[in-house]
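Take a look at the structure below.
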Amino acid sequence: RIEPVHRPSPLPRGGAMEMAPSFETVIFVDVDGVLNVGVKDGKQGPLMLNETNCRYAEHYAAEVASRSGDHAERGAFEKVLSVMAKKDSPESTDNTFAELACKGQEHIAAPLLRRLAEIIVGARQQGPTQVVLASNWRRPKYVPRVRCLEQELSKLLGERFVFDARTRQLEENTAADRLRCIGDFLVSRCAAAVGAAGGRLLRAIVLDDLFIT
């Protein structure tokens, strides 16, 4: 059972708090490398850090290491094991990336999804919030995955959630391509807001690994 994310109490009215600026927030969400952990594997696509791959790595590492001619396979297992043992932050004493492995063969890590839900709740407390899918998951072939992602976020938020928008369909191969799509969205968003009442400040939160994985 998924427990909804705690909703902070409404901000107090009056005094200095009432003078605080009201923000309108746009949250750009990448998925791979943000809501899951990918392991670089040379020129191959990144290996997903999920429970299935972790079990394979632990079970077969010794066997593969004893073989000759299986350097690529051995290297892949070693990379997964190395990432599993890494601390998830410099200050962490016990938590490792192994705890961020996706369940089974799934593509979303529950702790990272919960962090996203907390960010959304926090932003909504400060004003209108738009959540924009900026990931490659915005491609038509990933529609089923996106629906599952929206359903899981709905459970955490305690209300129906769907992405408010998506960045435009542009071929992306580099971080610059991704930033260009995000920038184009913000330009359009600001142009549409010209002359709108309210005088809110617009801020952007970009949750993206920018192709580092």
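Simple scheme: letters A, B, ... for chains in structure tokens order, numbers from 1 for residues in each chain, numbers from 1 for ligands in the order shown.
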Exercise for review: Within 8 Å of A:Glu150, counting only C-alpha atoms, which residues show up once you throw out same-chain ones fewer than 5 positions away? Write them as a PyMOL selection string, please.
Suggested key: chain A and resi 161-163
Based on the selection just made, write all heavy atoms of those residues as a CSV table (one decimal), in the first residue's frame.
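As a result, selection.csv now contains:
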chain,number,residue,atom,x,y,z
A,161,PHE,N,-3.4,12.5,-11.0
A,161,PHE,CA,-2.3,13.3,-11.6
A,161,PHE,C,-2.1,12.9,-13.1
A,161,PHE,O,-2.0,11.7,-13.4
A,161,PHE,CB,-1.0,13.1,-10.9
A,161,PHE,CG,0.2,13.7,-11.5
A,161,PHE,CD1,0.6,15.0,-11.3
A,161,PHE,CD2,1.0,13.0,-12.4
A,161,PHE,CE1,1.6,15.6,-11.9
A,161,PHE,CE2,2.1,13.5,-13.1
A,161,PHE,CZ,2.4,14.9,-12.8
A,162,VAL,N,-1.9,13.9,-13.9
A,162,VAL,CA,-1.5,13.7,-15.3
A,162,VAL,C,-0.5,14.9,-15.6
A,162,VAL,O,-0.6,15.9,-15.0
A,162,VAL,CB,-2.6,13.7,-16.3
A,162,VAL,CG1,-3.5,12.5,-16.2
A,162,VAL,CG2,-3.4,15.0,-16.3
A,163,PHE,N,0.4,14.6,-16.5
A,163,PHE,CA,1.4,15.7,-16.8
A,163,PHE,C,0.6,16.8,-17.5
A,163,PHE,O,-0.3,16.6,-18.4
A,163,PHE,CB,2.5,15.2,-17.7
A,163,PHE,CG,3.5,14.4,-17.0
A,163,PHE,CD1,3.5,13.0,-17.0
A,163,PHE,CD2,4.5,15.0,-16.3
A,163,PHE,CE1,4.4,12.2,-16.3
A,163,PHE,CE2,5.5,14.3,-15.6
A,163,PHE,CZ,5.4,12.9,-15.6
Report task. Write out as number ranges by chain which residues come within 6 Å of stretch 165-173 of chain A when counting only C-alpha atoms, dropping same-chain ones fewer than 2 positions away. Result -> A: 132-134, 163, 177
Of A:Ala193, A:Ala85, A:Leu100, A:Leu210, the one sitting nearest A:Val37 when using only C-alpha atoms is A:Leu100
For atom CA of A:Arg147 and atom CA of A:Arg160, determine how far apart the two atoms are, in Å to one decimal place.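 Between atom CA of A:Arg147 and atom CA of A:Arg160 the gap works out to 11.5 Å.
Atom CA of A:Arg124 to atom CA of A:Lys155 spans 16.7 Å [interatomic distance, one decimal].
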**Request:** Write out as a ChimeraX atom specification each polymer residue whose atoms come within 12 Å of stretch 33-35 of chain A, counting only C-alpha atoms; drop sequence neighbours fewer than 3 positions from it.
**Result:** /A:28-30,38-40,46-50,100-102,106-117,134-137,149,153,206-213
Generate a file of the selected residues that holds N, CA, C and O atoms, formatted as a compact mmCIF listing (two decimals), in the first residue's frame.
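again_8.txt written:
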# COMPACT_ATOMS: atom_id res chain seq x y z
N PHE A 28 10.13 20.64 -14.88
CA PHE A 28 10.45 19.80 -16.04
C PHE A 28 11.00 18.47 -15.53
O PHE A 28 11.97 18.44 -14.78
N VAL A 29 10.36 17.38 -15.94
CA VAL A 29 10.71 16.06 -15.41
C VAL A 29 11.29 15.16 -16.48
O VAL A 29 10.65 14.87 -17.50
N ASP A 30 12.54 14.75 -16.26
CA ASP A 30 13.14 13.68 -17.03
C ASP A 30 12.85 12.39 -16.26
O ASP A 30 12.51 12.43 -15.08
N GLY A 38 20.64 4.57 -14.07
CA GLY A 38 21.20 3.87 -15.22
C GLY A 38 22.70 3.71 -15.05
O GLY A 38 23.37 4.57 -14.48
N VAL A 39 23.23 2.60 -15.53
CA VAL A 39 24.66 2.31 -15.42
C VAL A 39 25.26 2.35 -16.81
O VAL A 39 24.85 1.58 -17.70
N LYS A 40 26.23 3.24 -17.03
CA LYS A 40 26.85 3.35 -18.35
C LYS A 40 27.50 2.03 -18.74
O LYS A 40 28.17 1.38 -17.94
N PRO A 46 22.44 2.45 -21.50
CA PRO A 46 22.69 2.24 -20.07
C PRO A 46 21.94 1.03 -19.54
O PRO A 46 20.83 0.71 -19.98
N LEU A 47 22.57 0.34 -18.60
CA LEU A 47 21.94 -0.79 -17.93
C LEU A 47 21.03 -0.26 -16.83
O LEU A 47 21.44 0.59 -16.04
N MET A 48 19.81 -0.75 -16.77
CA MET A 48 18.88 -0.32 -15.74
C MET A 48 19.26 -0.96 -14.41
O MET A 48 19.49 -2.16 -14.33
N LEU A 49 19.35 -0.14 -13.35
CA LEU A 49 19.60 -0.68 -12.02
C LEU A 49 18.25 -1.12 -11.45
O LEU A 49 17.53 -0.33 -10.85
N ASN A 50 17.91 -2.37 -11.70
CA ASN A 50 16.67 -2.92 -11.14
C ASN A 50 17.00 -4.22 -10.43
O ASN A 50 18.12 -4.74 -10.51
N LEU A 100 18.06 2.09 -4.43
CA LEU A 100 17.33 2.83 -5.46
C LEU A 100 17.04 1.96 -6.68
O LEU A 100 16.62 2.47 -7.71
N ALA A 101 17.27 0.66 -6.54
CA ALA A 101 16.99 -0.25 -7.66
C ALA A 101 15.48 -0.34 -7.87
O ALA A 101 14.70 -0.39 -6.92
N CYS A 102 15.06 -0.35 -9.13
CA CYS A 102 13.64 -0.52 -9.45
C CYS A 102 13.21 -1.94 -9.10
O CYS A 102 14.00 -2.88 -9.17
N GLU A 106 10.85 -3.23 -13.43
CA GLU A 106 10.19 -1.94 -13.60
C GLU A 106 11.20 -0.86 -13.93
O GLU A 106 12.42 -1.05 -13.84
N HIS A 107 10.70 0.32 -14.30
CA HIS A 107 11.56 1.41 -14.76
C HIS A 107 11.56 2.61 -13.82
O HIS A 107 12.19 3.63 -14.13
N ILE A 108 10.85 2.53 -12.70
CA ILE A 108 10.77 3.64 -11.77
C ILE A 108 11.19 3.18 -10.38
O ILE A 108 10.69 2.15 -9.89
N ALA A 109 12.09 3.92 -9.74
CA ALA A 109 12.51 3.61 -8.38
C ALA A 109 11.59 4.32 -7.39
O ALA A 109 11.44 5.55 -7.45
N ALA A 110 10.99 3.57 -6.50
CA ALA A 110 9.99 4.12 -5.57
C ALA A 110 10.52 5.29 -4.74
O ALA A 110 9.82 6.31 -4.60
N PRO A 111 11.74 5.23 -4.17
CA PRO A 111 12.22 6.38 -3.37
C PRO A 111 12.37 7.65 -4.20
O PRO A 111 12.11 8.75 -3.71
N LEU A 112 12.79 7.50 -5.46
CA LEU A 112 12.97 8.68 -6.32
C LEU A 112 11.63 9.25 -6.75
O LEU A 112 11.47 10.47 -6.86
N LEU A 113 10.65 8.38 -6.97
CA LEU A 113 9.32 8.85 -7.32
C LEU A 113 8.70 9.61 -6.15
O LEU A 113 8.04 10.64 -6.34
N ARG A 114 8.95 9.13 -4.95
CA ARG A 114 8.42 9.82 -3.77
C ARG A 114 9.04 11.21 -3.63
O ARG A 114 8.37 12.17 -3.27
N ARG A 115 10.32 11.32 -3.94
CA ARG A 115 10.98 12.64 -3.88
C ARG A 115 10.33 13.59 -4.87
O ARG A 115 10.15 14.78 -4.58
N LEU A 116 10.01 13.08 -6.07
CA LEU A 116 9.34 13.93 -7.06
C LEU A 116 7.99 14.39 -6.53
O LEU A 116 7.64 15.57 -6.66
N ALA A 117 7.23 13.49 -5.92
CA ALA A 117 5.93 13.86 -5.37
C ALA A 117 6.08 14.94 -4.30
O ALA A 117 5.28 15.89 -4.24
N ALA A 134 9.63 16.20 -19.88
CA ALA A 134 10.70 16.59 -20.80
C ALA A 134 11.55 15.40 -21.22
O ALA A 134 12.52 15.55 -21.94
N SER A 135 11.18 14.23 -20.77
CA SER A 135 11.93 13.00 -21.01
C SER A 135 11.68 12.43 -22.40
O SER A 135 10.71 12.78 -23.07
N ASN A 136 12.56 11.51 -22.80
CA ASN A 136 12.29 10.76 -24.02
C ASN A 136 10.99 9.96 -23.90
O ASN A 136 10.44 9.51 -24.92
N TRP A 137 10.51 9.81 -22.69
CA TRP A 137 9.24 9.10 -22.47
C TRP A 137 8.06 9.85 -23.07
O TRP A 137 6.95 9.32 -23.10
N LEU A 149 3.31 5.68 -14.80
CA LEU A 149 3.98 6.69 -13.97
C LEU A 149 2.97 7.65 -13.37
O LEU A 149 3.02 7.98 -12.18
N LEU A 153 2.13 8.28 -9.36
CA LEU A 153 2.17 9.62 -8.76
C LEU A 153 0.82 10.00 -8.16
O LEU A 153 0.76 10.65 -7.13
N VAL A 206 14.27 22.21 -13.05
CA VAL A 206 14.64 21.22 -14.07
C VAL A 206 15.22 19.98 -13.38
O VAL A 206 16.29 20.04 -12.78
N LEU A 207 14.49 18.89 -13.45
CA LEU A 207 14.93 17.60 -12.88
C LEU A 207 15.37 16.73 -14.05
O LEU A 207 14.57 16.02 -14.67
N ASP A 208 16.63 16.79 -14.38
CA ASP A 208 17.13 16.14 -15.60
C ASP A 208 18.60 15.77 -15.43
O ASP A 208 19.36 16.57 -14.87
N ASP A 209 18.98 14.61 -15.87
CA ASP A 209 20.40 14.23 -15.80
C ASP A 209 21.18 14.68 -17.02
O ASP A 209 22.40 14.50 -17.10
N LEU A 210 20.48 15.30 -17.98
CA LEU A 210 21.09 15.90 -19.17
C LEU A 210 22.03 14.90 -19.89
O LEU A 210 23.15 15.20 -20.23
N PHE A 211 21.49 13.69 -20.06
CA PHE A 211 22.16 12.64 -20.84
C PHE A 211 23.46 12.14 -20.20
O PHE A 211 24.28 11.51 -20.87
N ILE A 212 23.67 12.39 -18.92
CA ILE A 212 24.91 11.95 -18.29
C ILE A 212 24.97 10.44 -18.19
O ILE A 212 26.04 9.83 -18.14
N THR A 213 23.77 9.78 -18.12
CA THR A 213 23.77 8.32 -18.09
C THR A 213 23.73 7.76 -19.50
O THR A 213 23.73 6.56 -19.66
Can you list, as an NGL selection string, all residues belonging to stretch 113-171 of chain A that DSSP tags as helix (DSSP H, G or I)?
:A and (113-124 or 136-138 or 140-157)
